[in-house]
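Colleague: Please find data_9.cif (mmCIF, C-alpha atoms and all ligand atoms) on the next line:
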```
data_my_file
#
loop_
_atom_site.group_PDB
_atom_site.id
_atom_site.type_symbol
_atom_site.label_atom_id
_atom_site.label_comp_id
_atom_site.auth_asym_id
_atom_site.auth_seq_id
_atom_site.Cartn_x
_atom_site.Cartn_y
_atom_site.Cartn_z
ATOM 1 C CA MET A 1 176.793 50.286 130.525
ATOM 2 C CA PHE A 2 176.145 49.860 126.784
ATOM 3 C CA PRO A 3 175.422 53.119 124.908
ATOM 4 C CA GLY A 4 172.060 51.921 123.539
ATOM 5 C CA ASN A 5 172.876 52.279 119.839
ATOM 6 C CA VAL A 6 175.768 51.338 117.547
ATOM 7 C CA LEU A 7 175.882 54.215 115.075
ATOM 8 C CA SER A 8 179.585 55.033 115.177
ATOM 9 C CA ILE A 9 182.794 53.503 116.487
ATOM 10 C CA GLU A 10 182.762 56.469 118.885
ATOM 11 C CA ASP A 11 179.825 54.749 120.648
ATOM 12 C CA LEU A 12 182.149 51.918 121.737
ATOM 13 C CA SER A 13 184.983 51.940 124.248
ATOM 14 C CA VAL A 14 188.035 49.731 123.640
ATOM 15 C CA GLN A 15 186.726 47.564 126.487
ATOM 16 C CA ALA A 16 183.354 47.183 124.706
ATOM 17 C CA MET A 17 185.108 46.293 121.442
ATOM 18 C CA GLU A 18 187.248 43.681 123.226
ATOM 19 C CA GLU A 19 184.074 42.216 124.737
ATOM 20 C CA ILE A 20 182.535 42.028 121.245
ATOM 21 C CA PHE A 21 185.636 40.184 119.968
ATOM 22 C CA GLN A 22 185.518 37.682 122.846
ATOM 23 C CA ARG A 23 181.827 37.019 122.278
ATOM 24 C CA ALA A 24 182.337 36.705 118.496
ATOM 25 C CA ALA A 25 185.138 34.167 119.076
ATOM 26 C CA TYR A 26 182.814 32.225 121.384
ATOM 27 C CA TYR A 27 180.007 32.155 118.801
ATOM 28 C CA LYS A 28 182.425 31.161 116.042
ATOM 29 C CA SER A 29 183.895 28.289 118.065
ATOM 30 C CA GLU A 30 180.483 27.058 119.264
ATOM 31 C CA ASP A 31 178.596 27.362 115.958
ATOM 32 C CA ARG A 32 177.227 23.885 115.260
ATOM 33 C CA GLY A 33 174.321 24.976 113.055
ATOM 34 C CA VAL A 34 171.858 24.941 115.970
ATOM 35 C CA ALA A 35 170.348 28.256 117.038
ATOM 36 C CA PHE A 36 171.513 29.938 120.239
ATOM 37 C CA SER A 37 168.888 31.575 122.429
ATOM 38 C CA ALA A 38 170.219 35.097 123.076
ATOM 39 C CA LEU A 39 167.546 36.705 120.854
ATOM 40 C CA LYS A 40 164.717 34.236 121.539
ATOM 41 C CA GLY A 41 161.429 36.164 121.438
ATOM 42 C CA LYS A 42 163.113 39.295 119.994
ATOM 43 C CA ASN A 43 162.003 41.000 116.786
ATOM 44 C CA ILE A 44 164.794 42.632 114.806
ATOM 45 C CA VAL A 45 163.906 44.872 111.872
ATOM 46 C CA LEU A 46 166.299 45.089 108.918
ATOM 47 C CA SER A 47 165.875 48.045 106.593
ATOM 48 C CA PHE A 48 168.458 48.908 103.951
ATOM 49 C CA TRP A 49 167.965 52.019 101.838
ATOM 50 C CA GLU A 50 171.257 51.331 99.975
ATOM 51 C CA PRO A 51 172.385 48.064 98.324
ATOM 52 C CA SER A 52 174.215 45.482 100.413
ATOM 53 C CA THR A 53 175.040 41.791 100.296
ATOM 54 C CA ARG A 54 177.554 41.116 103.081
ATOM 55 C CA THR A 55 176.199 43.372 105.786
ATOM 56 C CA ARG A 56 172.562 42.624 105.173
ATOM 57 C CA VAL A 57 172.888 38.829 104.863
ATOM 58 C CA SER A 58 175.314 38.523 107.771
ATOM 59 C CA PHE A 59 173.008 40.521 110.056
ATOM 60 C CA GLU A 60 170.088 38.353 108.963
ATOM 61 C CA LEU A 61 172.089 35.189 109.633
ATOM 62 C CA ALA A 62 173.247 36.607 112.960
ATOM 63 C CA VAL A 63 169.653 37.182 114.133
ATOM 64 C CA GLN A 64 168.608 33.701 112.976
ATOM 65 C CA LYS A 65 171.583 32.009 114.639
ATOM 66 C CA LEU A 66 170.688 33.775 117.907
ATOM 67 C CA GLY A 67 167.097 32.507 117.754
ATOM 68 C CA GLY A 68 165.495 35.873 116.955
ATOM 69 C CA THR A 69 162.983 36.864 114.299
ATOM 70 C CA VAL A 70 164.007 39.032 111.332
ATOM 71 C CA LEU A 71 161.423 41.497 110.048
ATOM 72 C CA ASP A 72 162.300 42.716 106.581
ATOM 73 C CA LEU A 73 161.193 46.322 106.074
ATOM 74 C CA ARG A 74 161.772 47.136 102.433
ATOM 75 C CA PRO A 75 162.161 50.900 102.012
ATOM 76 C CA GLU A 76 160.427 50.871 98.641
ATOM 77 C CA GLN A 77 157.295 49.391 100.266
ATOM 78 C CA ASN A 78 157.081 51.222 103.576
ATOM 79 C CA SER A 79 154.826 54.142 104.519
ATOM 80 C CA GLU A 80 157.589 56.674 103.891
ATOM 81 C CA LYS A 81 156.315 56.394 100.320
ATOM 82 C CA LYS A 82 152.995 57.824 101.588
ATOM 83 C CA GLY A 83 154.669 60.747 103.303
ATOM 84 C CA GLU A 84 155.444 59.329 106.751
ATOM 85 C CA SER A 85 158.648 60.718 108.256
ATOM 86 C CA LEU A 86 161.457 58.305 109.031
ATOM 87 C CA GLU A 87 161.184 59.285 112.685
ATOM 88 C CA ASP A 88 157.516 58.253 112.685
ATOM 89 C CA THR A 89 158.410 55.003 110.931
ATOM 90 C CA VAL A 90 160.897 54.181 113.703
ATOM 91 C CA LYS A 91 158.311 55.094 116.384
ATOM 92 C CA THR A 92 155.796 52.836 114.617
ATOM 93 C CA LEU A 93 158.263 49.944 114.592
ATOM 94 C CA ARG A 94 158.791 50.364 118.330
ATOM 95 C CA SER A 95 155.003 50.372 118.955
ATOM 96 C CA LEU A 96 154.661 47.234 116.834
ATOM 97 C CA GLY A 97 157.074 45.437 119.155
ATOM 98 C CA ALA A 98 160.430 45.733 117.390
ATOM 99 C CA ASP A 99 163.397 45.238 119.707
ATOM 100 C CA ALA A 100 165.997 46.839 117.418
ATOM 101 C CA LEU A 101 166.406 48.327 113.959
ATOM 102 C CA ILE A 102 169.405 47.544 111.754
ATOM 103 C CA PHE A 103 169.628 49.995 108.888
ATOM 104 C CA ARG A 104 171.738 51.247 105.991
ATOM 105 C CA HIS A 105 171.019 54.738 104.727
ATOM 106 C CA GLY A 106 172.663 57.339 102.529
ATOM 107 C CA ALA A 107 172.039 60.332 104.803
ATOM 108 C CA PRO A 108 174.770 60.658 107.425
ATOM 109 C CA GLY A 109 173.553 61.651 110.872
ATOM 110 C CA LEU A 110 169.848 61.077 110.185
ATOM 111 C CA PHE A 111 169.530 58.083 112.505
ATOM 112 C CA GLY A 112 171.663 59.819 115.135
ATOM 113 C CA ARG A 113 169.013 62.530 115.276
ATOM 114 C CA ILE A 114 166.189 59.963 115.392
ATOM 115 C CA SER A 115 167.933 58.130 118.247
ATOM 116 C CA ARG A 116 167.537 61.244 120.411
ATOM 117 C CA THR A 117 163.744 61.109 120.194
ATOM 118 C CA VAL A 118 162.841 57.419 119.753
ATOM 119 C CA ASP A 119 163.692 54.753 122.316
ATOM 120 C CA LEU A 120 164.555 51.867 119.975
ATOM 121 C CA PRO A 121 168.093 50.414 119.755
ATOM 122 C CA LEU A 122 169.595 51.341 116.372
ATOM 123 C CA ILE A 123 172.488 49.550 114.668
ATOM 124 C CA SER A 124 174.170 51.037 111.633
ATOM 125 C CA GLY A 125 174.907 48.796 108.681
ATOM 126 C CA GLY A 126 176.629 51.747 106.999
ATOM 127 C CA GLU A 127 175.582 55.399 106.774
ATOM 128 C CA GLY A 128 176.487 57.409 103.667
ATOM 129 C CA CYS A 129 180.148 58.405 103.801
ATOM 130 C CA TYR A 130 179.965 58.698 107.604
ATOM 131 C CA GLN A 131 180.522 55.431 109.507
ATOM 132 C CA HIS A 132 180.387 51.637 109.118
ATOM 133 C CA PRO A 133 181.112 50.493 112.674
ATOM 134 C CA THR A 134 180.437 46.756 112.351
ATOM 135 C CA GLN A 135 182.705 46.554 109.284
ATOM 136 C CA THR A 136 185.534 47.963 111.360
ATOM 137 C CA LEU A 137 184.762 45.584 114.218
ATOM 138 C CA LEU A 138 184.834 42.545 111.936
ATOM 139 C CA ASP A 139 188.041 43.775 110.287
ATOM 140 C CA ILE A 140 189.854 44.144 113.609
ATOM 141 C CA PHE A 141 188.482 40.798 114.791
ATOM 142 C CA THR A 142 189.852 39.225 111.573
ATOM 143 C CA MET A 143 193.257 40.850 112.091
ATOM 144 C CA LYS A 144 193.472 39.535 115.647
ATOM 145 C CA GLU A 145 192.318 36.073 114.543
ATOM 146 C CA ALA A 146 195.117 36.057 111.925
ATOM 147 C CA GLY A 147 197.606 36.649 114.732
ATOM 148 C CA ILE A 148 198.244 40.289 113.831
ATOM 149 C CA VAL A 149 199.323 42.411 116.812
ATOM 150 C CA LEU A 150 197.688 45.815 116.518
ATOM 151 C CA SER A 151 199.963 47.730 118.853
ATOM 152 C CA GLY A 152 202.624 49.307 116.628
ATOM 153 C CA LEU A 153 201.114 47.796 113.463
ATOM 154 C CA GLU A 154 201.151 49.899 110.296
ATOM 155 C CA VAL A 155 197.853 49.812 108.402
ATOM 156 C CA VAL A 156 197.890 51.393 104.944
ATOM 157 C CA ILE A 157 194.368 52.342 103.852
ATOM 158 C CA ALA A 158 194.387 52.814 100.097
ATOM 159 C CA GLY A 159 192.004 54.329 97.597
ATOM 160 C CA ASP A 160 188.737 56.210 97.764
ATOM 161 C CA ILE A 161 189.150 57.772 101.215
ATOM 162 C CA LEU A 162 186.792 60.639 100.324
ATOM 163 C CA HIS A 163 183.700 58.445 100.084
ATOM 164 C CA SER A 164 184.660 55.727 102.553
ATOM 165 C CA ARG A 165 182.638 55.236 105.731
ATOM 166 C CA VAL A 166 184.882 52.207 106.359
ATOM 167 C CA ALA A 167 187.998 54.411 106.408
ATOM 168 C CA ARG A 168 186.310 56.910 108.735
ATOM 169 C CA SER A 169 185.459 54.154 111.212
ATOM 170 C CA HIS A 170 188.979 52.724 110.998
ATOM 171 C CA LEU A 171 190.514 56.128 111.622
ATOM 172 C CA LEU A 172 188.757 56.114 114.999
ATOM 173 C CA ALA A 173 189.259 52.466 115.945
ATOM 174 C CA LEU A 174 192.749 51.454 114.795
ATOM 175 C CA PRO A 175 194.662 54.162 116.719
ATOM 176 C CA ALA A 176 192.679 53.214 119.832
ATOM 177 C CA PHE A 177 194.368 49.778 119.600
ATOM 178 C CA GLY A 178 197.822 51.316 119.029
ATOM 179 C CA ALA A 179 197.981 50.856 115.240
ATOM 180 C CA ARG A 180 199.485 53.519 112.965
ATOM 181 C CA VAL A 181 197.400 54.417 109.920
ATOM 182 C CA THR A 182 198.793 55.709 106.621
ATOM 183 C CA LEU A 183 196.354 56.929 103.977
ATOM 184 C CA VAL A 184 197.151 56.689 100.277
ATOM 185 C CA GLY A 185 195.076 57.630 97.260
ATOM 186 C CA PRO A 186 194.770 60.094 94.392
ATOM 187 C CA PRO A 187 194.650 63.733 95.556
ATOM 188 C CA ALA A 188 191.000 64.100 94.477
ATOM 189 C CA LEU A 189 189.995 61.138 96.686
ATOM 190 C CA LEU A 190 192.307 62.031 99.562
ATOM 191 C CA PRO A 191 191.697 65.711 100.338
ATOM 192 C CA ARG A 192 194.106 67.017 102.957
ATOM 193 C CA GLU A 193 191.268 68.287 105.134
ATOM 194 C CA LEU A 194 190.174 64.666 105.662
ATOM 195 C CA VAL A 195 193.551 63.659 107.067
ATOM 196 C CA PRO A 196 193.498 63.898 110.863
ATOM 197 C CA PRO A 197 196.353 65.940 112.384
ATOM 198 C CA GLY A 198 199.541 63.921 112.765
ATOM 199 C CA LEU A 199 198.422 61.102 110.448
ATOM 200 C CA ASN A 200 200.674 59.973 107.577
ATOM 201 C CA TYR A 201 199.430 60.261 104.027
ATOM 202 C CA THR A 202 200.915 59.968 100.559
ATOM 203 C CA TYR A 203 199.736 60.062 96.962
ATOM 204 C CA SER A 204 202.218 57.377 95.835
ATOM 205 C CA PHE A 205 200.799 53.854 96.056
ATOM 206 C CA ASP A 206 204.091 52.259 94.985
ATOM 207 C CA ASP A 207 205.910 53.884 97.919
ATOM 208 C CA VAL A 208 203.785 52.081 100.548
ATOM 209 C CA LEU A 209 203.874 48.568 99.070
ATOM 210 C CA ALA A 210 207.243 47.614 100.529
ATOM 211 C CA ARG A 211 206.006 48.194 104.084
ATOM 212 C CA GLY A 212 204.754 45.299 106.210
ATOM 213 C CA GLY A 213 201.572 45.254 108.228
ATOM 214 C CA VAL A 214 198.189 45.463 106.534
ATOM 215 C CA LEU A 215 197.304 46.835 103.117
ATOM 216 C CA TYR A 216 193.600 47.677 103.319
ATOM 217 C CA LEU A 217 192.202 48.340 99.837
ATOM 218 C CA LEU A 218 188.996 50.358 99.585
ATOM 219 C CA ARG A 219 186.317 49.979 96.977
ATOM 220 C CA VAL A 220 186.223 52.852 94.495
ATOM 221 C CA GLN A 221 182.639 54.003 95.025
ATOM 222 C CA MET A 222 181.669 54.632 91.417
ATOM 223 C CA GLU A 223 178.065 55.413 92.387
ATOM 224 C CA ARG A 224 179.171 58.423 94.473
ATOM 225 C CA HIS A 225 181.646 59.805 91.921
ATOM 226 C CA ARG A 226 181.153 62.822 89.722
ATOM 227 C CA ARG A 227 184.490 64.003 88.346
ATOM 228 C CA PHE A 228 187.169 62.704 90.698
ATOM 229 C CA PHE A 229 189.187 60.673 88.211
ATOM 230 C CA SER A 230 188.859 60.289 84.506
ATOM 231 C CA SER A 231 188.325 56.517 84.289
ATOM 232 C CA PRO A 232 188.537 53.283 86.316
ATOM 233 C CA GLY A 233 191.428 52.332 84.014
ATOM 234 C CA GLU A 234 193.389 55.432 85.029
ATOM 235 C CA TYR A 235 192.732 54.655 88.691
ATOM 236 C CA ALA A 236 193.863 51.029 88.209
ATOM 237 C CA ALA A 237 197.063 52.141 86.504
ATOM 238 C CA LEU A 238 198.067 54.351 89.426
ATOM 239 C CA TYR A 239 196.447 52.749 92.473
ATOM 240 C CA GLY A 240 195.390 49.214 91.552
ATOM 241 C CA LEU A 241 197.113 46.201 93.119
ATOM 242 C CA ASN A 242 198.039 44.262 89.983
ATOM 243 C CA GLU A 243 200.470 41.486 89.039
ATOM 244 C CA LYS A 244 203.286 43.985 88.360
ATOM 245 C CA ARG A 245 202.890 45.638 91.741
ATOM 246 C CA LEU A 246 202.972 42.284 93.565
ATOM 247 C CA ALA A 247 206.730 42.374 92.999
ATOM 248 C CA LEU A 248 206.858 45.488 95.216
ATOM 249 C CA LEU A 249 204.579 44.077 97.930
ATOM 250 C CA ASN A 250 206.230 43.042 101.193
ATOM 251 C CA ASN A 251 205.889 39.256 101.743
ATOM 252 C CA GLU A 252 204.689 39.897 105.296
ATOM 253 C CA THR A 253 201.810 42.162 104.261
ATOM 254 C CA PHE A 254 198.213 41.078 104.866
ATOM 255 C CA VAL A 255 195.762 42.192 102.179
ATOM 256 C CA MET A 256 192.234 43.184 103.196
ATOM 257 C CA HIS A 257 189.213 44.675 101.447
ATOM 258 C CA PRO A 258 185.723 45.298 102.872
ATOM 259 C CA GLY A 259 184.055 44.163 99.646
ATOM 260 C CA PRO A 260 182.510 44.273 97.212
ATOM 261 C CA VAL A 261 185.741 44.340 95.157
ATOM 262 C CA ASN A 262 185.820 46.146 91.808
ATOM 263 C CA LEU A 263 188.004 43.542 90.112
ATOM 264 C CA GLY A 264 190.323 45.249 87.643
ATOM 265 C CA VAL A 265 190.145 48.572 89.481
ATOM 266 C CA GLU A 266 191.545 48.489 93.051
ATOM 267 C CA LEU A 267 192.596 44.823 92.710
ATOM 268 C CA SER A 268 193.245 42.861 89.515
ATOM 269 C CA THR A 269 191.869 39.356 89.032
ATOM 270 C CA GLY A 270 195.383 38.105 88.264
ATOM 271 C CA ALA A 271 196.881 39.587 91.440
ATOM 272 C CA LEU A 272 194.078 38.124 93.555
ATOM 273 C CA HIS A 273 194.599 34.653 92.059
ATOM 274 C CA ILE A 274 198.359 34.816 92.619
ATOM 275 C CA LEU A 275 197.913 35.949 96.223
ATOM 276 C CA GLU A 276 195.284 33.281 96.949
ATOM 277 C CA ALA A 277 197.432 30.560 95.367
ATOM 278 C CA ASN A 278 200.808 31.512 96.834
ATOM 279 C CA CYS A 279 200.004 33.060 100.209
ATOM 280 C CA PRO A 280 196.367 32.284 101.121
ATOM 281 C CA ASP A 281 196.977 33.127 104.791
ATOM 282 C CA LYS A 282 197.822 36.710 103.808
ATOM 283 C CA VAL A 283 194.571 37.388 101.918
ATOM 284 C CA LEU A 284 191.883 37.976 104.516
ATOM 285 C CA ILE A 285 189.006 39.092 102.270
ATOM 286 C CA GLN A 286 186.789 35.992 102.557
ATOM 287 C CA LYS A 287 187.639 35.622 106.262
ATOM 288 C CA GLN A 288 186.367 39.184 106.772
ATOM 289 C CA VAL A 289 183.062 38.208 105.148
ATOM 290 C CA ARG A 290 182.701 35.053 107.264
ATOM 291 C CA ASN A 291 183.590 36.807 110.499
ATOM 292 C CA GLY A 292 180.915 39.418 109.817
ATOM 293 C CA VAL A 293 178.294 36.920 110.941
ATOM 294 C CA TYR A 294 179.955 36.234 114.314
ATOM 295 C CA VAL A 295 180.885 39.820 115.063
ATOM 296 C CA ARG A 296 177.326 40.935 114.303
ATOM 297 C CA MET A 297 175.973 38.144 116.509
ATOM 298 C CA ALA A 298 178.151 39.502 119.315
ATOM 299 C CA VAL A 299 176.989 43.092 118.762
ATOM 300 C CA LEU A 300 173.315 42.075 118.776
ATOM 301 C CA ASP A 301 173.711 39.884 121.836
ATOM 302 C CA LEU A 302 175.597 42.457 123.876
ATOM 303 C CA LEU A 303 173.448 45.389 122.746
ATOM 304 C CA LEU A 304 170.146 43.723 123.519
ATOM 305 C CA SER A 305 171.230 42.075 126.733
ATOM 306 C CA GLY A 306 172.643 45.410 127.954
ATOM 307 C CA ARG A 307 175.808 43.670 129.079
ATOM 308 C CA MET A 308 178.215 45.674 126.989
ATOM 309 C CA VAL A 309 180.381 48.142 128.895
HETATM 310 N N1 LIG B 1 181.436 45.662 103.106
HETATM 311 C C1 LIG B 1 180.121 45.893 102.886
HETATM 312 O O1 LIG B 1 179.499 46.715 103.563
HETATM 313 O O2 LIG B 1 179.586 45.130 101.898
HETATM 314 P P1 LIG B 1 178.056 45.175 101.433
HETATM 315 O O3 LIG B 1 177.817 46.510 100.787
HETATM 316 O O4 LIG B 1 177.915 44.006 100.477
HETATM 317 O O5 LIG B 1 177.211 45.019 102.673
#
```
Reformat the file's structure so that it appears as structure tokens.
Modeller:
Amino acid sequence: MFPGNVLSIEDLSVQAMEEIFQRAAYYKSEDRGVAFSALKGKNIVLSFWEPSTRTRVSFELAVQKLGGTVLDLRPEQNSEKKGESLEDTVKTLRSLGADALIFRHGAPGLFGRISRTVDLPLISGGEGCYQHPTQTLLDIFTMKEAGIVLSGLEVVIAGDILHSRVARSHLLALPAFGARVTLVGPPALLPRELVPPGLNYTYSFDDVLARGGVLYLLRVQMERHRRFFSSPGEYAALYGLNEKRLALLNNETFVMHPGPVNLGVELSTGALHILEANCPDKVLIQKQVRNGVYVRMAVLDLLLSGRMV
């Protein structure tokens, strides 16, 4: 039985995630540019209170490819501006005939509370620093597609752990597939209280580069920072993957990033060009973006058909 909403990775069993991956692989292999029919007659509302390119466009494409209708609710134009509560907005959408709401919002937990009172399937496209479940799903799908075996895999998640909803979702999902996670970042962005018991962490980026597995770089979320590091340049010097550090990087390591990349901060333009030229199979960043469409198609299909377990 599908949980009804996708707000957190905790909503999904390993079996449900595997079913999403199978369905995403099916949609990817069968995509001939002609719409499928899984969402025919369904109205899917997209409403993003925070900026997004990948998540928003891939969800929109996913609905279109499944034959559904996208309704674009722009937060700056909706009746919240006239004092309506968000809960009432969601109730209104349900009464208008919406079949699901895909949202991004800065307030963690807000939609979880709304889901307890309004019977409309909700899908998170990222919630504050809390969770980004479909990003994690598309990342794991991309790893599997690249032939990476998750059981026993070491995944180093590097950078702005403090503000990362992506890291929080990965910390739930990757161990469920048998992967070992190591966190690395500056002390101000990797507070010890955020490190789950038993998990490895270090403040030395150079020490983790020789390991194999996956190096998952996080975006430094400048918009959420106050006083955590003195400058992007200081961050890049200590934690940026640059040309000099490529010499330390294990040849077997896959490099991932959820995007958008702050070029010159967590990843230098030169290092990216060298990686893309010399070992394109090891840089999964654009594959992650592409797979977002198929993974989100699978989530929508399984959520709205009620077939997910
Ligand atoms: N990875 C991600 O969520 O990107 P966007 O902010 O562009 O959606």
Colleague: For this file, the PyMOL selection byres (((not hetatm)) within 9 of (chain B and resi 1)) selects which residues, as a PyMOL selection string?
Modeller: chain A and resi 50-58+104+125-126+132+134-135+166+219+257-260+288-289
Colleague: Can I get the residues of stretch 193-293 of chain A within 10 Å of stretch 16-32 of chain A, each with the closest pair of atoms and their distance in Å to one decimal, using all atoms listed in the file, sorted chain first then ascending number, as a Markdown table?
Modeller:
```
| residue | atom | partner | partner_atom | distance |
| --- | --- | --- | --- | --- |
| A:Arg290 | CA | A:Lys28 | CA | 9.6 |
| A:Asn291 | CA | A:Lys28 | CA | 8.0 |
| A:Gly292 | CA | A:Ala24 | CA | 9.2 |
| A:Val293 | CA | A:Ala24 | CA | 8.6 |
```
Colleague: Write a file of the selected residues as a short mmCIF file (atom, residue, chain, number, x, y, z; two decimals), in the frame of the given file, keeping C-alpha atoms.
Modeller:
```cif
data_model
loop_
_atom_site.label_atom_id
_atom_site.label_comp_id
_atom_site.auth_asym_id
_atom_site.auth_seq_id
_atom_site.Cartn_x
_atom_site.Cartn_y
_atom_site.Cartn_z
CA ARG A 290 182.70 35.05 107.26
CA ASN A 291 183.59 36.81 110.50
CA GLY A 292 180.92 39.42 109.82
CA VAL A 293 178.29 36.92 110.94
#
```
Colleague: Compare A:Ala38, A:Ile140, A:Leu101, A:Ala237 by their minimum atom-to-atom distance to A:Gly68, counting all atoms listed in the file, and give me the closest one.
Modeller: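 With all atoms listed in the file as the atom set, the closest residue is A:Ala38.
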Colleague: Show me, as a PDB file with C-alpha atoms, in the coordinates of the input, the residues that have an atom within 7 Å of stretch 189-203 of chain A when counting only C-alpha atoms, minus same-chain residues fewer than 2 positions from it.
Modeller:
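Just written: out-v1.pdb:
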```pdb
ATOM      1  CA  ASP A 160     188.737  56.210  97.764  1.00  0.00           C
ATOM      2  CA  ILE A 161     189.150  57.772 101.215  1.00  0.00           C
ATOM      3  CA  LEU A 162     186.792  60.639 100.324  1.00  0.00           C
ATOM      4  CA  VAL A 181     197.400  54.417 109.920  1.00  0.00           C
ATOM      5  CA  THR A 182     198.793  55.709 106.621  1.00  0.00           C
ATOM      6  CA  LEU A 183     196.354  56.929 103.977  1.00  0.00           C
ATOM      7  CA  VAL A 184     197.151  56.689 100.277  1.00  0.00           C
ATOM      8  CA  GLY A 185     195.076  57.630  97.260  1.00  0.00           C
ATOM      9  CA  PRO A 186     194.770  60.094  94.392  1.00  0.00           C
ATOM     10  CA  PRO A 187     194.650  63.733  95.556  1.00  0.00           C
ATOM     11  CA  PHE A 205     200.799  53.854  96.056  1.00  0.00           C
ATOM     12  CA  PHE A 228     187.169  62.704  90.698  1.00  0.00           C
TER      13      PHE A 228
END
```
Colleague: Which residues, named as in the file, does the PyMOL selection byres (((chain A and resi 109-114) around 12) and not hetatm) pick out? Answer as number ranges by chain.
Modeller: A: 4-8, 11, 85-91, 101-108, 115-131
Colleague: Using all atoms listed in the file, find the one residue out of A:Leu174, A:Val70, A:Ala210, A:Leu96 that sits nearest to A:Leu150.
Modeller: A:Leu174
Colleague: Since I can't run it myself right now, could you work out what the PyMOL selection byres (((chain A and resi 39) around 9) and not hetatm) selects here and report it as a list in words?
Modeller: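 On this input, the PyMOL selection byres (((chain A and resi 39) around 9) and not hetatm) captures Phe36, Ser37, Ala38, Lys40, Gly41, Lys42, Asn43, Ile44, Val63, Gln64, Lys65, Leu66, Gly67, Gly68, Thr69, Leu300, Asp301, Leu304 and Ser305 of chain A.
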Colleague: Would you export the selected residues with C-alpha atoms as an mmCIF file, in the coordinates of the input, please?
Modeller:
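Output saved as out29.cif:
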```cif
data_model
loop_
_atom_site.group_PDB
_atom_site.id
_atom_site.type_symbol
_atom_site.label_atom_id
_atom_site.label_comp_id
_atom_site.auth_asym_id
_atom_site.auth_seq_id
_atom_site.Cartn_x
_atom_site.Cartn_y
_atom_site.Cartn_z
ATOM 1 C CA PHE A 36 171.513 29.938 120.239
ATOM 2 C CA SER A 37 168.888 31.575 122.429
ATOM 3 C CA ALA A 38 170.219 35.097 123.076
ATOM 4 C CA LYS A 40 164.717 34.236 121.539
ATOM 5 C CA GLY A 41 161.429 36.164 121.438
ATOM 6 C CA LYS A 42 163.113 39.295 119.994
ATOM 7 C CA ASN A 43 162.003 41.000 116.786
ATOM 8 C CA ILE A 44 164.794 42.632 114.806
ATOM 9 C CA VAL A 63 169.653 37.182 114.133
ATOM 10 C CA GLN A 64 168.608 33.701 112.976
ATOM 11 C CA LYS A 65 171.583 32.009 114.639
ATOM 12 C CA LEU A 66 170.688 33.775 117.907
ATOM 13 C CA GLY A 67 167.097 32.507 117.754
ATOM 14 C CA GLY A 68 165.495 35.873 116.955
ATOM 15 C CA THR A 69 162.983 36.864 114.299
ATOM 16 C CA LEU A 300 173.315 42.075 118.776
ATOM 17 C CA ASP A 301 173.711 39.884 121.836
ATOM 18 C CA LEU A 304 170.146 43.723 123.519
ATOM 19 C CA SER A 305 171.230 42.075 126.733
#
```
Colleague: Tell me, as a VMD selection string, which residues lie within 12 Å of A:Gly147, counting only C-alpha atoms; anything in the same chain fewer than 4 positions away does not count.
Modeller: chain A and resid 140 to 143 153 213 254 281 to 282 284
Colleague: Write the residues of the selection above to a file with C-alpha atoms, as a PDB file, keeping the file's coordinate frame.
Modeller:
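Output file part_17.pdb is given in full below:
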```pdb
ATOM      1  CA  ILE A 140     189.854  44.144 113.609  1.00  0.00           C
ATOM      2  CA  PHE A 141     188.482  40.798 114.791  1.00  0.00           C
ATOM      3  CA  THR A 142     189.852  39.225 111.573  1.00  0.00           C
ATOM      4  CA  MET A 143     193.257  40.850 112.091  1.00  0.00           C
ATOM      5  CA  LEU A 153     201.114  47.796 113.463  1.00  0.00           C
ATOM      6  CA  GLY A 213     201.572  45.254 108.228  1.00  0.00           C
ATOM      7  CA  PHE A 254     198.213  41.078 104.866  1.00  0.00           C
ATOM      8  CA  ASP A 281     196.977  33.127 104.791  1.00  0.00           C
ATOM      9  CA  LYS A 282     197.822  36.710 103.808  1.00  0.00           C
ATOM     10  CA  LEU A 284     191.883  37.976 104.516  1.00  0.00           C
TER      11      LEU A 284
END
```
Colleague: What's the 7 Å shell around stretch 264-270 of chain A, counting all atoms listed in the file, without same-chain residues fewer than 5 positions away, as a PyMOL selection string?
Modeller: chain A and resi 217+219+232-233+235-236+239-243
Colleague: Quick one: everything within 10 Å of A:Ala173, counting only C-alpha atoms, minus sequence neighbours fewer than 2 positions away in the same chain. Send it as a VMD selection string.
Modeller: chain A and resid 9 to 10 12 to 14 17 133 136 to 137 140 167 to 171 175 to 179
Colleague: Report, in Å with one decimal, the straight-line distance from atom CA of A:Gly152 to atom CA of A:Arg180.
Modeller: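 For atom CA of A:Gly152 relative to atom CA of A:Arg180, the distance reads 6.4 Å.
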Colleague: What does the distance from atom CA of A:Gly159 to atom CA of A:Leu218 come to in Å, to one decimal?
Modeller: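 Going from atom CA of A:Gly159 over to atom CA of A:Leu218 covers 5.4 Å.
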Colleague: Which residue gives the smallest distance to A:Asp207 among A:Arg245, A:Lys81, A:Arg296, A:Lys287, with all atoms listed in the file counted?
Modeller: A:Arg245
Colleague: Of the residues A:Glu84, A:Phe59, A:Arg74, A:Ile148, which is the one nearest to A:Ala100, using only C-alpha atoms?
Modeller: A:Phe59
